[in-house]
Amino acid sequence: MPARLPSWAWVSGLTVGAIAAVTALAVQADRGPHPTASAEPTSPAPASVRPTPTPSAPPRVPDGSGTGRRVVYALGEKRVWLVDASEATRRTFTVWPGTVSPDPGTYTISSRNESTTGSDGVRIEHIMYFAARDGVSVAFSNAVDGSSPPPAASGGKTGGVRMKKADGTALWAFGTVGTTVAVVR
């Protein structure tokens with residue numbers, strides 16, 4: 001009876017053979033023609049195949065807005081960020097502030113109201129009160145019909161910080177009573 005080769009010998013032999021074959025194919029491929037990229041495509045791709053533009057990175061959370069889970073409201077940028085406990089931005093969006101803005105500082109959402117009529121006569125929802133200034137309550141909200149607010153009436157004091165309907169829904173889910181609101185310049 002002939003002697004049997006151990007299994008490790010077979011595995012080693014097959015591995016050496018596979019490496020040799022891959023090396024030979026790589027050398028052959030390197031000798032062949034290499035594709036080059038042209039600056040302009042030779043024919044336009046159909047619309048269904050064209051890549052969609054990549055949106056630019058969302059604006060960074062402003063420095064000095066604190067740490068931890070919070071809502072950040074930048075007065076100058078008219079923008080809100082929803083920041084989770086791991087410091088990741090869950091959502092950011094622009095807002096339409098009223099005529100009265102809170103001073104920069106740290107606040108908390110003190111109360112919430114599902115819906116009401118705003119001082120401008122527009123039906124609003126997802127109202128979250130977090131500050132007061134000059135006798136005016138400042139709150140986040142969105143119009144029920146999704147409209148943007150009209151320009152503030154001359155001389156009127158409004159503290160509503162309005163946003164698009166989808167953003168209001170996201171903020172309502174994120175901002176429970178006691179959630180920190182960091183207001184920065």
# chains A, B, ... in the order shown; residues from 1 in each chain; ligands from 1
call {"tool": "residues_around", "arguments": {"residues": "range 108-120 of chain A", "least_positions_apart": "6", "cutoff": "8 Å", "atoms": "only C-alpha atoms", "output": "number ranges by chain"}}
result
A: 126-131, 158, 175-181
call {"tool": "write_last_selection", "arguments": {"atoms": "N, CA, C and O atoms", "output": "JSON list (two decimals), in the first residue's frame"}}
result
[["chain", "number", "residue", "atom", "x", "y", "z"],
["A", 126, "HIS", "N", -46.88, 71.69, 17.41],
["A", 126, "HIS", "CA", -45.57, 71.33, 17.96],
["A", 126, "HIS", "C", -44.90, 72.53, 18.64],
["A", 126, "HIS", "O", -43.73, 72.81, 18.40],
["A", 127, "ILE", "N", -45.64, 73.21, 19.49],
["A", 127, "ILE", "CA", -45.13, 74.41, 20.17],
["A", 127, "ILE", "C", -44.35, 73.97, 21.40],
["A", 127, "ILE", "O", -44.86, 73.22, 22.23],
["A", 128, "MET", "N", -43.10, 74.44, 21.48],
["A", 128, "MET", "CA", -42.24, 74.10, 22.62],
["A", 128, "MET", "C", -41.64, 75.38, 23.17],
["A", 128, "MET", "O", -40.77, 76.00, 22.55],
["A", 129, "TYR", "N", -42.11, 75.78, 24.34],
["A", 129, "TYR", "CA", -41.66, 77.02, 24.98],
["A", 129, "TYR", "C", -40.33, 76.79, 25.70],
["A", 129, "TYR", "O", -40.17, 75.80, 26.41],
["A", 130, "PHE", "N", -39.39, 77.74, 25.51],
["A", 130, "PHE", "CA", -38.10, 77.56, 26.16],
["A", 130, "PHE", "C", -37.50, 78.85, 26.72],
["A", 130, "PHE", "O", -36.51, 78.81, 27.44],
["A", 131, "ALA", "N", -38.06, 80.01, 26.42],
["A", 131, "ALA", "CA", -37.49, 81.27, 26.91],
["A", 131, "ALA", "C", -38.56, 82.35, 26.91],
["A", 131, "ALA", "O", -39.63, 82.18, 26.33],
["A", 158, "THR", "N", -43.36, 89.17, 18.28],
["A", 158, "THR", "CA", -43.65, 87.74, 18.18],
["A", 158, "THR", "C", -42.42, 86.95, 18.59],
["A", 158, "THR", "O", -41.29, 87.29, 18.24],
["A", 175, "GLY", "N", -37.47, 66.98, 21.37],
["A", 175, "GLY", "CA", -37.47, 67.94, 22.47],
["A", 175, "GLY", "C", -38.57, 67.76, 23.47],
["A", 175, "GLY", "O", -39.61, 68.41, 23.39],
["A", 176, "THR", "N", -38.34, 66.92, 24.44],
["A", 176, "THR", "CA", -39.31, 66.74, 25.51],
["A", 176, "THR", "C", -39.10, 67.82, 26.57],
["A", 176, "THR", "O", -38.10, 68.54, 26.54],
["A", 177, "VAL", "N", -40.05, 67.94, 27.50],
["A", 177, "VAL", "CA", -39.91, 68.91, 28.59],
["A", 177, "VAL", "C", -38.62, 68.59, 29.35],
["A", 177, "VAL", "O", -38.34, 67.44, 29.67],
["A", 178, "GLY", "N", -37.81, 69.63, 29.59],
["A", 178, "GLY", "CA", -36.53, 69.47, 30.27],
["A", 178, "GLY", "C", -35.34, 69.36, 29.33],
["A", 178, "GLY", "O", -34.19, 69.44, 29.79],
["A", 179, "THR", "N", -35.57, 69.21, 28.03],
["A", 179, "THR", "CA", -34.47, 69.15, 27.07],
["A", 179, "THR", "C", -33.75, 70.50, 27.05],
["A", 179, "THR", "O", -34.39, 71.55, 27.02],
["A", 180, "THR", "N", -32.42, 70.45, 27.04],
["A", 180, "THR", "CA", -31.62, 71.67, 27.00],
["A", 180, "THR", "C", -31.72, 72.33, 25.64],
["A", 180, "THR", "O", -31.68, 71.67, 24.60],
["A", 181, "VAL", "N", -31.85, 73.67, 25.64],
["A", 181, "VAL", "CA", -31.81, 74.48, 24.42],
["A", 181, "VAL", "C", -30.65, 75.46, 24.60],
["A", 181, "VAL", "O", -30.70, 76.32, 25.51]]
call {"tool": "closest_residue", "arguments": {"among": "A:Val95, A:Leu5, A:Val183, A:Val122", "to": "Ala166 in chain A", "atoms": "only C-alpha atoms"}}
result
A:Val95
call {"tool": "residues_around", "arguments": {"residues": "Asp63 in chain A", "least_positions_apart": "6", "cutoff": "12 Å", "atoms": "only C-alpha atoms", "output": "ChimeraX atom specification"}}
result
/A:72-74,182-185
call {"tool": "residues_around", "arguments": {"residues": "Thr67 in chain A", "least_positions_apart": "6", "cutoff": "12 Å", "atoms": "only C-alpha atoms", "output": "count of residues only"}}
result
13
